[in-house]
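Colleague: Below is structure-v7.txt; it holds compact mmCIF, C-alpha atoms.
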# COMPACT_ATOMS: atom_id res chain seq x y z
CA MET L 1 210.80 121.64 70.85
CA PHE L 2 210.50 124.39 68.26
CA LYS L 3 207.00 125.23 69.51
CA PHE L 4 208.25 125.40 73.13
CA VAL L 5 211.09 127.80 72.22
CA THR L 6 208.71 129.93 70.19
CA ALA L 7 206.25 130.11 73.07
CA VAL L 8 209.00 131.09 75.51
CA SER L 9 210.26 133.78 73.14
CA ALA L 10 206.76 135.16 72.74
CA LEU L 11 206.27 135.24 76.51
CA ALA L 12 209.59 137.04 77.00
CA ALA L 13 208.64 139.60 74.35
CA SER L 14 205.29 140.11 76.02
CA VAL L 15 206.91 140.67 79.42
CA ALA L 16 209.41 143.10 77.94
CA ALA L 17 206.64 145.04 76.25
CA HIS L 18 204.71 145.19 79.51
CA GLU L 19 207.74 146.48 81.39
CA ASN L 20 208.37 149.14 78.75
CA HIS L 21 204.84 150.47 78.91
CA ALA L 22 203.73 149.66 82.46
CA HIS L 23 204.49 153.13 83.81
CA ASP L 24 202.48 154.74 81.04
CA GLN L 25 199.29 152.96 81.96
CA GLU L 26 196.42 154.80 83.59
CA PRO L 27 195.15 153.12 86.77
CA MET L 28 191.78 151.49 86.22
CA GLU L 29 189.04 152.64 88.53
CA GLY L 30 186.67 149.85 87.65
CA PRO L 31 182.89 149.66 87.69
CA LEU L 32 182.67 148.94 91.44
CA LYS L 33 184.49 152.06 92.66
CA SER L 34 181.37 153.30 94.43
CA ILE L 35 181.38 150.20 96.62
CA TRP L 36 184.84 150.94 98.06
CA TYR L 37 185.05 154.73 97.99
CA ASN L 38 182.13 156.53 99.56
CA THR L 39 181.54 160.27 99.53
CA LEU L 40 180.49 161.25 103.03
CA PRO L 41 177.88 163.92 103.77
CA GLY L 42 178.88 167.26 105.26
CA ASP L 43 182.54 168.28 105.18
CA GLY L 44 183.96 164.80 105.74
CA GLY L 45 185.21 164.25 102.21
CA THR L 46 185.95 160.77 100.91
CA GLN L 47 186.39 157.70 103.07
CA ALA L 48 188.57 155.06 101.42
CA ASP L 49 187.61 152.17 103.70
CA SER L 50 186.73 151.40 107.31
CA VAL L 51 188.80 153.16 109.98
CA PHE L 52 190.01 149.84 111.35
CA SER L 53 191.48 148.67 108.05
CA GLY L 54 194.15 149.82 105.64
CA ILE L 55 197.72 151.01 106.09
CA SER L 56 198.17 153.24 109.13
CA THR L 57 199.25 156.84 108.66
CA PHE L 58 198.45 159.54 111.20
CA GLY L 59 194.70 160.05 111.02
CA ARG L 60 194.70 158.08 107.75
CA ILE L 61 196.12 161.06 105.85
CA GLN L 62 198.11 160.84 102.63
CA TYR L 63 201.56 159.23 102.81
CA SER L 64 204.59 160.46 100.90
CA PRO L 65 208.23 159.36 101.39
CA CYS L 66 209.38 162.95 101.89
CA LEU L 67 213.02 162.08 102.52
CA THR L 68 213.36 160.52 99.07
CA THR L 69 211.14 162.82 97.04
CA GLU L 70 209.93 166.41 97.02
CA ALA L 71 207.10 165.66 94.61
CA VAL L 72 204.38 166.41 97.18
CA LYS L 73 204.20 169.83 98.80
CA TYR L 74 202.59 170.21 102.21
CA ASP L 75 201.78 172.71 104.96
CA ILE L 76 201.93 170.30 107.90
CA ALA L 77 203.99 167.11 107.88
CA PHE L 78 204.09 164.26 110.38
CA ILE L 79 207.42 162.46 110.69
CA GLY L 80 208.51 159.64 112.99
CA ALA L 81 211.78 159.49 114.94
CA PRO L 82 211.99 155.90 116.27
CA PHE L 83 214.82 156.38 118.80
CA ASP L 84 214.89 155.15 122.40
CA THR L 85 218.52 154.57 123.38
CA GLY L 86 218.65 157.71 125.50
CA THR L 87 216.11 156.54 128.04
CA SER L 88 216.98 155.90 131.68
CA TYR L 89 214.23 153.48 132.72
CA ARG L 90 211.92 151.60 130.36
CA PRO L 91 212.92 151.36 126.67
CA GLY L 92 210.45 150.82 123.83
CA ALA L 93 209.67 154.31 122.51
CA ARG L 94 211.25 153.35 119.18
CA PHE L 95 207.86 151.79 118.52
CA GLY L 96 206.14 155.05 119.44
CA PRO L 97 205.64 156.38 115.89
CA SER L 98 203.91 153.22 114.68
CA GLY L 99 201.90 152.97 117.90
CA ILE L 100 200.69 156.57 117.68
CA ARG L 101 199.63 156.03 114.08
CA GLN L 102 197.67 152.96 115.17
CA GLY L 103 196.09 154.99 117.96
CA SER L 104 195.10 157.71 115.48
CA ARG L 105 192.97 155.50 113.24
CA LYS L 106 189.73 156.70 114.83
CA VAL L 107 190.58 160.42 114.84
CA ARG L 108 188.58 160.89 111.63
CA PHE L 109 185.88 158.41 112.60
CA SER L 110 183.06 160.89 112.01
CA GLY L 111 184.87 163.25 109.65
CA GLY L 112 187.47 164.90 111.89
CA TYR L 113 185.63 168.08 112.86
CA ASN L 114 186.97 169.46 116.17
CA VAL L 115 183.90 170.77 117.97
CA PRO L 116 185.57 172.75 120.82
CA LEU L 117 187.97 174.47 118.41
CA ASP L 118 185.35 174.85 115.66
CA ALA L 119 187.61 173.60 112.86
CA ASN L 120 188.37 170.50 110.80
CA PRO L 121 192.14 170.09 110.41
CA PHE L 122 191.62 167.43 107.76
CA ASN L 123 189.49 169.67 105.58
CA SER L 124 191.01 173.16 105.52
CA TRP L 125 193.45 175.41 103.68
CA ALA L 126 196.34 173.17 104.85
CA LYS L 127 197.78 170.24 102.95
CA VAL L 128 198.64 167.67 105.64
CA ILE L 129 200.66 164.51 104.95
CA ASP L 130 202.51 161.74 106.78
CA CYS L 131 206.16 161.47 105.73
CA GLY L 132 206.81 158.14 107.43
CA ASP L 133 209.85 157.73 109.66
CA ILE L 134 213.40 159.05 109.65
CA PRO L 135 215.75 156.04 109.36
CA VAL L 136 217.50 156.00 112.75
CA THR L 137 220.33 153.67 113.74
CA SER L 138 220.04 151.92 117.09
CA TYR L 139 223.80 151.31 117.36
CA ASP L 140 225.28 154.81 117.55
CA ASN L 141 223.49 157.54 119.47
CA ALA L 142 225.61 160.38 118.07
CA TYR L 143 224.89 159.34 114.50
CA ALA L 144 221.21 158.71 115.30
CA LEU L 145 220.78 162.25 116.61
CA TYR L 146 222.51 163.55 113.48
CA GLN L 147 220.08 161.54 111.33
CA ILE L 148 217.12 163.00 113.21
CA GLU L 149 218.36 166.58 112.89
CA GLU L 150 219.08 166.28 109.17
CA GLY L 151 215.87 164.39 108.41
CA HIS L 152 213.74 166.93 110.28
CA ASN L 153 215.54 169.87 108.68
CA SER L 154 215.14 168.43 105.20
CA ILE L 155 211.39 168.12 105.68
CA MET L 156 210.94 171.49 107.37
CA MET L 157 213.05 173.81 105.20
CA ARG L 158 211.06 173.41 101.99
CA GLU L 159 208.49 175.46 100.18
CA PRO L 160 205.05 174.81 101.66
CA ALA L 161 201.96 174.10 99.59
CA THR L 162 200.43 177.44 100.68
CA ASN L 163 201.97 180.95 100.51
CA ALA L 164 205.41 179.69 99.51
CA SER L 165 206.38 183.06 98.05
CA VAL L 166 204.96 185.14 100.93
CA PRO L 167 207.39 186.33 103.63
CA GLY L 168 207.43 184.24 106.81
CA PRO L 169 208.93 184.27 110.32
CA SER L 170 212.11 182.31 109.60
CA LYS L 171 215.56 183.87 109.92
CA LYS L 172 215.72 184.44 106.17
CA GLY L 173 212.17 185.71 105.99
CA LYS L 174 210.79 182.61 104.29
CA THR L 175 207.60 180.68 104.97
CA PHE L 176 208.15 177.02 105.80
CA PRO L 177 205.75 174.16 106.51
CA ARG L 178 205.14 173.02 110.08
CA VAL L 179 206.46 169.63 111.23
CA ILE L 180 205.02 167.38 113.95
CA THR L 181 207.42 164.67 115.11
CA LEU L 182 206.37 161.35 116.60
CA GLY L 183 208.95 160.04 119.10
CA GLY L 184 210.95 158.29 120.25
CA ASP L 185 212.29 159.10 123.68
CA HIS L 186 212.70 162.73 124.71
CA THR L 187 216.35 162.86 123.69
CA ILE L 188 215.11 163.52 120.15
CA THR L 189 214.05 167.05 121.10
CA LEU L 190 217.71 168.16 121.13
CA PRO L 191 218.35 167.41 117.43
CA LEU L 192 214.90 168.79 116.62
CA LEU L 193 215.76 172.08 118.36
CA ARG L 194 219.07 172.16 116.50
CA SER L 195 217.09 171.85 113.29
CA MET L 196 214.67 174.56 114.42
CA ASN L 197 217.58 176.86 115.23
CA ARG L 198 218.83 176.61 111.67
CA ALA L 199 215.47 177.92 110.48
CA TYR L 200 214.30 180.26 113.23
CA GLY L 201 217.20 180.96 115.58
CA PRO L 202 216.67 180.65 119.36
CA ILE L 203 213.11 179.58 119.94
CA THR L 204 210.50 179.69 122.70
CA VAL L 205 209.57 176.25 124.08
CA ILE L 206 206.41 175.02 125.79
CA HIS L 207 207.32 171.76 127.47
CA PHE L 208 204.65 169.40 128.84
CA ASP L 209 206.28 166.77 131.06
CA SER L 210 206.37 165.32 134.54
CA HIS L 211 210.16 165.83 134.59
CA LEU L 212 212.35 168.92 134.19
CA ASP L 213 214.78 167.43 131.64
CA THR L 214 217.23 170.27 132.33
CA TRP L 215 219.46 168.27 134.65
CA LYS L 216 223.18 168.74 134.46
CA PRO L 217 224.77 165.62 132.93
CA LYS L 218 226.83 164.99 136.07
CA VAL L 219 223.59 164.88 138.06
CA PHE L 220 221.55 162.79 135.62
CA GLY L 221 223.51 159.80 134.41
CA GLY L 222 226.95 160.83 135.58
CA ALA L 223 228.23 161.69 132.08
CA PRO L 224 230.94 159.01 131.88
CA THR L 225 231.37 159.98 128.20
CA LYS L 226 230.37 162.92 126.06
CA GLN L 227 227.68 160.91 124.34
CA ALA L 228 226.31 159.51 127.61
CA SER L 229 225.82 163.09 128.80
CA ILE L 230 223.07 163.52 126.19
CA ASN L 231 219.95 161.64 127.22
CA HIS L 232 216.25 162.14 127.87
CA GLY L 233 216.90 163.95 131.15
CA THR L 234 219.60 166.38 129.98
CA TYR L 235 218.71 167.47 126.46
CA PHE L 236 217.29 170.86 127.55
CA TYR L 237 220.48 171.56 129.50
CA HIS L 238 222.43 171.01 126.28
CA ALA L 239 219.91 173.06 124.30
CA SER L 240 220.42 175.94 126.71
CA GLN L 241 224.20 175.64 126.53
CA GLU L 242 224.05 175.61 122.73
CA GLY L 243 221.91 178.78 122.62
CA LEU L 244 218.90 177.06 121.08
CA LEU L 245 216.36 178.47 123.56
CA ARG L 246 214.94 181.98 123.59
CA ASN L 247 215.85 183.37 127.01
CA ASP L 248 213.15 183.69 129.70
CA THR L 249 210.21 182.74 127.50
CA ASN L 250 210.19 178.97 128.07
CA ILE L 251 207.89 177.04 130.37
CA HIS L 252 207.35 173.53 131.78
CA ALA L 253 203.83 172.31 132.55
CA GLY L 254 202.82 169.20 134.47
CA ILE L 255 205.99 168.86 136.56
CA ARG L 256 205.84 166.46 139.53
CA THR L 257 209.23 164.76 139.58
CA THR L 258 211.48 164.05 142.53
CA LEU L 259 214.74 166.01 142.58
CA SER L 260 218.35 165.54 143.56
CA GLY L 261 217.76 168.71 145.55
CA LEU L 262 216.38 172.23 145.21
CA SER L 263 219.49 173.11 143.20
CA ASP L 264 217.77 171.33 140.30
CA TYR L 265 215.15 174.09 140.27
CA GLU L 266 217.87 176.71 140.40
CA ASN L 267 219.63 175.13 137.45
CA ASP L 268 216.31 174.95 135.60
CA GLY L 269 215.93 178.71 135.99
CA TYR L 270 219.40 179.23 134.52
CA CYS L 271 218.26 177.19 131.52
CA GLY L 272 215.47 179.75 130.96
CA PHE L 273 212.37 177.93 132.18
CA GLN L 274 209.42 178.76 134.38
CA ILE L 275 207.69 175.84 136.13
CA VAL L 276 204.00 174.98 136.40
CA GLU L 277 203.62 171.96 138.66
CA ALA L 278 200.96 169.34 138.05
CA ARG L 279 199.39 169.86 141.49
CA GLU L 280 198.66 173.52 140.70
CA ILE L 281 195.65 172.35 138.72
CA ASP L 282 193.97 171.62 142.07
CA THR L 283 194.07 175.31 143.02
CA ILE L 284 194.05 177.32 139.79
CA GLY L 285 192.36 174.84 137.44
CA THR L 286 192.97 174.40 133.73
CA ALA L 287 192.21 178.10 133.12
CA GLY L 288 194.98 179.10 135.51
CA ILE L 289 197.46 176.73 133.85
CA ILE L 290 196.59 178.15 130.43
CA LYS L 291 197.01 181.73 131.66
CA LYS L 292 200.47 180.99 133.06
CA ILE L 293 201.58 179.48 129.76
CA ARG L 294 200.18 182.29 127.64
CA ASP L 295 201.63 184.99 129.90
CA ARG L 296 205.05 183.37 129.68
CA VAL L 297 205.35 182.68 125.93
CA GLY L 298 203.18 185.43 124.44
CA THR L 299 201.51 185.41 121.05
CA THR L 300 204.23 186.96 118.87
CA ASN L 301 207.23 184.60 119.13
CA PRO L 302 207.63 181.42 117.09
CA VAL L 303 206.99 178.60 119.57
CA TYR L 304 208.11 174.98 119.68
CA LEU L 305 205.80 172.59 121.55
CA SER L 306 207.21 169.42 123.14
CA ILE L 307 204.84 166.96 124.80
CA ASP L 308 205.96 164.03 126.92
CA ILE L 309 203.07 161.60 127.24
CA ASP L 310 204.03 161.10 130.90
CA THR L 311 202.41 164.48 131.53
CA LEU L 312 199.34 162.29 131.88
CA ASP L 313 198.77 160.17 134.94
CA PRO L 314 199.62 156.48 134.36
CA ALA L 315 195.92 155.73 134.77
CA PHE L 316 195.45 157.41 131.40
CA ALA L 317 198.83 156.73 129.79
CA PRO L 318 200.62 153.73 131.30
CA ALA L 319 202.80 153.05 128.25
CA THR L 320 205.70 155.38 128.83
CA GLY L 321 209.36 155.19 129.77
CA THR L 322 209.29 156.93 133.17
CA PRO L 323 205.71 157.05 134.50
CA GLU L 324 204.89 159.34 137.44
CA THR L 325 201.64 159.17 139.39
CA GLY L 326 199.70 162.32 140.24
CA GLY L 327 199.43 163.58 136.68
CA TRP L 328 196.67 165.15 134.63
CA SER L 329 193.81 163.37 132.94
CA THR L 330 193.51 163.16 129.18
CA ARG L 331 190.57 165.55 129.31
CA GLU L 332 192.55 168.11 131.32
CA LEU L 333 195.53 167.96 128.96
CA ARG L 334 193.34 168.37 125.88
CA THR L 335 191.57 171.33 127.48
CA ILE L 336 194.91 172.99 128.21
CA MET L 337 196.06 172.31 124.66
CA ARG L 338 193.01 174.05 123.25
CA GLY L 339 193.82 177.01 125.47
CA LEU L 340 196.98 177.58 123.40
CA GLU L 341 194.92 178.87 120.47
CA GLY L 342 196.55 181.93 118.94
CA ILE L 343 200.08 181.01 120.05
CA ASN L 344 202.42 180.72 117.08
CA LEU L 345 203.21 177.01 117.05
CA VAL L 346 205.77 176.43 114.28
CA ALA L 347 206.57 172.81 115.14
CA ALA L 348 205.86 170.16 117.77
CA ASP L 349 206.76 166.72 119.02
CA ILE L 350 205.19 164.05 121.21
CA VAL L 351 207.53 161.60 122.89
CA GLU L 352 208.02 158.69 125.30
CA VAL L 353 205.14 156.57 123.98
CA ALA L 354 206.27 152.96 124.50
CA PRO L 355 203.39 150.77 123.22
CA ALA L 356 204.69 147.53 124.77
CA TYR L 357 203.49 148.74 128.19
CA ASP L 358 200.04 149.78 126.98
CA THR L 359 196.75 148.08 127.70
CA ASN L 360 194.94 146.05 125.08
CA ALA L 361 192.63 149.04 124.74
CA GLU L 362 195.52 151.22 123.43
CA LEU L 363 194.92 153.93 126.05
CA THR L 364 198.30 155.61 125.66
CA THR L 365 198.57 155.60 121.89
CA MET L 366 195.02 156.95 121.57
CA ALA L 367 195.77 159.68 124.12
CA ALA L 368 198.90 160.67 122.21
CA ALA L 369 197.05 160.72 118.89
CA ASP L 370 194.15 162.75 120.28
CA THR L 371 196.56 165.26 121.83
CA LEU L 372 198.25 165.73 118.46
CA TYR L 373 194.83 166.13 116.87
CA GLU L 374 194.35 169.17 119.11
CA VAL L 375 197.83 170.47 118.18
CA MET L 376 197.16 169.95 114.49
CA THR L 377 193.87 171.85 114.79
CA LEU L 378 195.60 174.77 116.54
CA MET L 379 198.12 174.98 113.70
CA VAL L 380 195.40 174.96 111.07
CA LYS L 381 193.36 177.63 112.87
CA ASN L 382 196.38 179.92 113.08
CA GLY L 383 196.78 179.87 109.31
CA PRO L 384 199.98 179.62 107.25
CA LEU L 385 203.14 180.77 109.03
CA SER L 386 203.20 183.77 106.69
CA GLU L 387 200.26 185.06 108.74
CA MET L 388 202.68 185.67 111.63
CA VAL L 389 204.46 188.34 109.59
CA LYS L 390 201.17 189.95 108.57
CA LYS L 391 199.99 190.02 112.19
CA ASP L 392 203.26 191.58 113.36
CA THR L 393 203.03 194.23 110.64
CA ILE L 394 199.46 195.13 111.60
CA GLU L 395 200.35 195.33 115.30
CA ALA L 396 203.38 197.54 114.53
CA LYS L 397 201.19 199.93 112.54
CA GLU L 398 198.67 200.09 115.39
CA VAL L 399 201.45 201.02 117.82
CA LEU L 400 202.58 203.82 115.50
As structure tokens, how would this structure be written, given the file I've shared?

Modeller:
Amino acid sequence: MFKFVTAVSALAASVAAHENHAHDQEPMEGPLKSIWYNTLPGDGGTQADSVFSGISTFGRIQYSPCLTTEAVKYDIAFIGAPFDTGTSYRPGARFGPSGIRQGSRKVRFSGGYNVPLDANPFNSWAKVIDCGDIPVTSYDNAYALYQIEEGHNSIMMREPATNASVPGPSKKGKTFPRVITLGGDHTITLPLLRSMNRAYGPITVIHFDSHLDTWKPKVFGGAPTKQASINHGTYFYHASQEGLLRNDTNIHAGIRTTLSGLSDYENDGYCGFQIVEAREIDTIGTAGIIKKIRDRVGTTNPVYLSIDIDTLDPAFAPATGTPETGGWSTRELRTIMRGLEGINLVAADIVEVAPAYDTNAELTTMAAADTLYEVMTLMVKNGPLSEMVKKDTIEAKEVL
């Protein structure tokens, strides 16, 4: 009995000693590190394991729980907003963030170099991380939208990894990191724009969608309550009413929805938008679409980019809440995205990805991930947001 008690006491002492010193230990790399971690040729960097294995982050980038720690600084952050209780047809976009991350596994398959844009967003000046998801309740829409706004704002209004002390385009003249949000249904864009307003004031929006999303609440949903008036078809109406949009610089692209009547277009104009319909691609092509967008938003304003995956035809992206036939192909959308080079994208979202309706081949989640890969590359090519201030200063001197 004495020996048993002694052994137990020794074991307890050993465990206590381990707990006291565990956090001081250096992780062991081991003699077989070269088997698991391979240095790739060219500018690809280090590949931890096969692209089909491991924990999924966007493009297999570094993960940090940004809402609980500020230990890691970044220039571009991905954050999920798993909310779908503002949708009018098919729910399921709460699984969008995880689905998009799954669809992004192959983005860095050969190193991540973007040939058309001549840049590698994974190997550049920018520190890019995945912050995981904002915890969002599914029981109270008002509180969920508050959580999304506060979570996004917390991640965005921090010092970036690059040029933190250099003046930037925000209202207070600071440089912030860029944030790319994975939705979620399109209702999330309202709290995201509220967050953007706190940093930048009224902002220019490029909106890719098959639907206007500027409907008056009485027209879309009937607005039986205040909270019911905010949904994925009315959020831009509310954004306009709240003064979140920069007047007469906003544009829709890919529109092909049915209407309650032509008054919907009139109301859309009052909300500050110009419309590019999906069918215009048949007459003016992708180059014409790009020109209309660039002429509308310019290259000096801070711009928010919102992408509804239903911009794509259901043949290319079936897994969405309100699919509309007659849309663009994935190739066409990616070409148009690349045409936004030089526009000052300060933040972006992609929404309405509902993986439950996807094919086994993950067509929709891959299309969403690849579209964000283009967006991410555009942000990297444009440099830190402090470059906006430098560019404005140079242009002002040239005018003088």

Colleague: Quick one: which stretch 133-249 of chain L residues come within 12 Å of stretch 371-381 of chain L, and what is the nearest atom pair for each with the distance in Å to one decimal, counting only C-alpha atoms, rows ordered by chain and ascending number, as a Markdown table?

Modeller:
| residue | atom | partner | partner_atom | distance |
| --- | --- | --- | --- | --- |
| L:Thr162 | CA | L:Val380 | CA | 11.8 |
| L:Pro177 | CA | L:Met379 | CA | 10.5 |
| L:Arg178 | CA | L:Met379 | CA | 8.1 |
| L:Val179 | CA | L:Met376 | CA | 9.9 |
| L:Ile180 | CA | L:Met376 | CA | 8.3 |
| L:Thr181 | CA | L:Leu372 | CA | 9.8 |
| L:Leu182 | CA | L:Leu372 | CA | 9.4 |
| L:Phe208 | CA | L:Thr371 | CA | 11.5 |

Colleague: What's the 10 Å shell around stretch 138-141 of chain L, counting all atoms listed in the file, without same-chain residues fewer than 3 positions away, as a PyMOL selection string?

Modeller: chain L and resi 82-86+94+135+144-147+187+227-228+230-231

Colleague: Please dump the current selection as a short mmCIF file (atom, residue, chain, number, x, y, z; two decimals), in the frame of the given file; keep C-alpha atoms.

Modeller:
data_model
loop_
_atom_site.label_atom_id
_atom_site.label_comp_id
_atom_site.auth_asym_id
_atom_site.auth_seq_id
_atom_site.Cartn_x
_atom_site.Cartn_y
_atom_site.Cartn_z
CA PRO L 82 211.99 155.90 116.27
CA PHE L 83 214.82 156.38 118.80
CA ASP L 84 214.89 155.15 122.40
CA THR L 85 218.52 154.57 123.38
CA GLY L 86 218.65 157.71 125.50
CA ARG L 94 211.25 153.35 119.18
CA PRO L 135 215.75 156.04 109.36
CA ALA L 144 221.21 158.71 115.30
CA LEU L 145 220.78 162.25 116.61
CA TYR L 146 222.51 163.55 113.48
CA GLN L 147 220.08 161.54 111.33
CA THR L 187 216.35 162.86 123.69
CA GLN L 227 227.68 160.91 124.34
CA ALA L 228 226.31 159.51 127.61
CA ILE L 230 223.07 163.52 126.19
CA ASN L 231 219.95 161.64 127.22
#

Colleague: Using Å and a single decimal, report how far atom CA of L:Ala81 sits from atom CA of L:Gly183.

Modeller: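 Rounded to one decimal, the two atoms are 5.1 Å apart.
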
Colleague: Which residue out of L:Gly59, L:Pro202, L:Gly92, L:Gly132 has the minimum interatomic distance to L:Lys106 when all atoms listed in the file are used?

Modeller: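 Selected residue with least distance to L:Lys106: L:Gly59.
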
Colleague: Under the rule that only C-alpha atoms are counted, which of L:Asn120, L:Asn153, L:Asn163, L:Thr299 is the nearest residue to L:Arg194?

Modeller: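 So, comparing all the options, the nearest one is L:Asn153.
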
Colleague: Quick check, in Å to one decimal: how far apart do atom CA of L:Ile255 and atom CA of L:Val276 lie?

Modeller: 6.4 Å

Colleague: Name the residues, using the chain letters and numbers of the file, that sit within 12 Å of (199.0, 162.8, 141.9) when counting all atoms listed in the file, and give them as a list in words.

Modeller: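 Those residues, ordered by chain and then number, are Ser210, Gly254, Ile255, Arg256, Thr257, Glu277, Ala278, Arg279, Glu280, Ile281, Asp282, Thr311, Leu312, Asp313, Pro314, Ala315, Pro323, Glu324, Thr325, Gly326, Gly327, Trp328 and Ser329 of chain L.
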
Colleague: May I ask for the distance between atom CA of L:Leu345 and atom CA of L:Leu385, given in Å to one decimal place?

Modeller: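 One can read the atom CA of L:Leu345 to atom CA of L:Leu385 distance as 8.9 Å.
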
Colleague: Can you list, as a list in words, every protein, DNA or RNA residue that comes within 8 Å of L:Gly112 when you count all atoms listed in the file, leaving out same-chain residues fewer than 5 positions away?

Modeller: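 Skipping anything fewer than 5 positions along the chain leaves Gly44, Val107, Asn120, Pro121 and Phe122 of chain L.
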
Colleague: Save out the residues we just selected, C-alpha atoms, as a PDB file, in the coordinates of the input.

Modeller:
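To be explicit, this is the file written out as selection-v8.pdb:
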ATOM      1  CA  GLY L  44     183.960 164.800 105.740  1.00  0.00           C
ATOM      2  CA  VAL L 107     190.580 160.420 114.840  1.00  0.00           C
ATOM      3  CA  ASN L 120     188.370 170.500 110.800  1.00  0.00           C
ATOM      4  CA  PRO L 121     192.140 170.090 110.410  1.00  0.00           C
ATOM      5  CA  PHE L 122     191.620 167.430 107.760  1.00  0.00           C
TER       6      PHE L 122
END

Colleague: Using all atoms listed in the file, pick whichever of L:Gly173, L:Gly103, L:Pro116, L:Gly339 has the shortest atom-to-atom distance to L:Thr359.

Modeller: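 Among L:Gly173, L:Gly103, L:Pro116, L:Gly339, it is L:Gly103 that comes nearest to L:Thr359.
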
Colleague: Neighbours of L:Gln274 within 12 Å (all atoms listed in the file; same-chain residues fewer than 6 positions away dropped), as an mmCIF file with C-alpha atoms, in the frame of the given file?

Modeller:
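That gives us result-v1.cif:
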data_model
loop_
_atom_site.group_PDB
_atom_site.id
_atom_site.type_symbol
_atom_site.label_atom_id
_atom_site.label_comp_id
_atom_site.auth_asym_id
_atom_site.auth_seq_id
_atom_site.Cartn_x
_atom_site.Cartn_y
_atom_site.Cartn_z
ATOM 1 C CA THR L 204 210.500 179.690 122.700
ATOM 2 C CA VAL L 205 209.570 176.250 124.080
ATOM 3 C CA ILE L 206 206.410 175.020 125.790
ATOM 4 C CA HIS L 207 207.320 171.760 127.470
ATOM 5 C CA PHE L 208 204.650 169.400 128.840
ATOM 6 C CA LEU L 212 212.350 168.920 134.190
ATOM 7 C CA THR L 214 217.230 170.270 132.330
ATOM 8 C CA ASN L 247 215.850 183.370 127.010
ATOM 9 C CA ASP L 248 213.150 183.690 129.700
ATOM 10 C CA THR L 249 210.210 182.740 127.500
ATOM 11 C CA ASN L 250 210.190 178.970 128.070
ATOM 12 C CA ILE L 251 207.890 177.040 130.370
ATOM 13 C CA HIS L 252 207.350 173.530 131.780
ATOM 14 C CA ALA L 253 203.830 172.310 132.550
ATOM 15 C CA GLY L 254 202.820 169.200 134.470
ATOM 16 C CA ILE L 255 205.990 168.860 136.560
ATOM 17 C CA TYR L 265 215.150 174.090 140.270
ATOM 18 C CA GLU L 266 217.870 176.710 140.400
ATOM 19 C CA ASN L 267 219.630 175.130 137.450
ATOM 20 C CA ASP L 268 216.310 174.950 135.600
ATOM 21 C CA LYS L 292 200.470 180.990 133.060
ATOM 22 C CA ILE L 293 201.580 179.480 129.760
ATOM 23 C CA ARG L 294 200.180 182.290 127.640
ATOM 24 C CA ASP L 295 201.630 184.990 129.900
ATOM 25 C CA ARG L 296 205.050 183.370 129.680
ATOM 26 C CA VAL L 297 205.350 182.680 125.930
#

Colleague: From the list L:Ala77, L:Ile148, L:Ala368, L:Ala223, which residue is nearest L:Val136 when using all atoms listed in the file?

Modeller: L:Ile148

Colleague: Point out the residue among L:Val389, L:Met156, L:Ala361, L:Ile350 with the least atom-to-atom distance to L:Thr189, counting all atoms listed in the file.

Modeller: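 Closest to L:Thr189 of all the choices is L:Ile350.
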
Colleague: Which polymer residues have any atom within 7 Å of an atom of L:Thr175, counting all atoms listed in the file, with same-chain residues fewer than 3 positions away left out, as a PyMOL selection string?

Modeller: chain L and resi 164+166-170+385-386

Colleague: Could you put an axis-aligned box around every listed atom of stretch 183-197 of chain L, padded by 6 Å on each side, and send me its centre and edge lengths in Å to one decimal, as AutoDock Vina command-line options?

Modeller:
--center_x 214.0 --center_y 167.6 --center_z 119.0 --size_x 22.1 --size_y 30.6 --size_z 23.4

Colleague: Might you pull out every residue within 9 Å of stretch 70-76 of chain L, with all atoms listed in the file counted and same-chain residues fewer than 2 positions away left off, and present them as a ChimeraX atom specification?

Modeller: /L:64-68,78,125-130,155,158-162,176-180,347,376,379-380,384

Colleague: Pull stretch 115-122 of chain L out of the block and emit N, CA and C atoms, as a PDB file, in the first residue's frame.

Modeller:
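See decode-v5.pdb below for the written result:
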ATOM      1  N   VAL L 115      -1.229  34.522 -63.098  1.00  0.00           N
ATOM      2  CA  VAL L 115      -0.588  34.835 -64.377  1.00  0.00           C
ATOM      3  C   VAL L 115      -1.188  36.081 -65.042  1.00  0.00           C
ATOM      4  N   PRO L 116      -2.528  36.184 -65.203  1.00  0.00           N
ATOM      5  CA  PRO L 116      -3.067  37.375 -65.874  1.00  0.00           C
ATOM      6  C   PRO L 116      -2.736  38.682 -65.157  1.00  0.00           C
ATOM      7  N   LEU L 117      -2.704  38.657 -63.825  1.00  0.00           N
ATOM      8  CA  LEU L 117      -2.412  39.878 -63.070  1.00  0.00           C
ATOM      9  C   LEU L 117      -0.936  40.021 -62.720  1.00  0.00           C
ATOM     10  N   ASP L 118      -0.128  39.025 -63.076  1.00  0.00           N
ATOM     11  CA  ASP L 118       1.322  39.102 -62.893  1.00  0.00           C
ATOM     12  C   ASP L 118       1.694  39.396 -61.444  1.00  0.00           C
ATOM     13  N   ALA L 119       1.132  38.630 -60.516  1.00  0.00           N
ATOM     14  CA  ALA L 119       1.433  38.827 -59.098  1.00  0.00           C
ATOM     15  C   ALA L 119       1.089  37.563 -58.325  1.00  0.00           C
ATOM     16  N   ASN L 120       1.751  37.369 -57.202  1.00  0.00           N
ATOM     17  CA  ASN L 120       1.439  36.261 -56.296  1.00  0.00           C
ATOM     18  C   ASN L 120       0.957  36.839 -54.972  1.00  0.00           C
ATOM     19  N   PRO L 121      -0.344  36.806 -54.697  1.00  0.00           N
ATOM     20  CA  PRO L 121      -0.855  37.417 -53.472  1.00  0.00           C
ATOM     21  C   PRO L 121      -0.436  36.694 -52.207  1.00  0.00           C
ATOM     22  N   PHE L 122       0.076  35.478 -52.359  1.00  0.00           N
ATOM     23  CA  PHE L 122       0.528  34.722 -51.195  1.00  0.00           C
ATOM     24  C   PHE L 122       2.005  34.945 -50.892  1.00  0.00           C
TER      25      PHE L 122
END
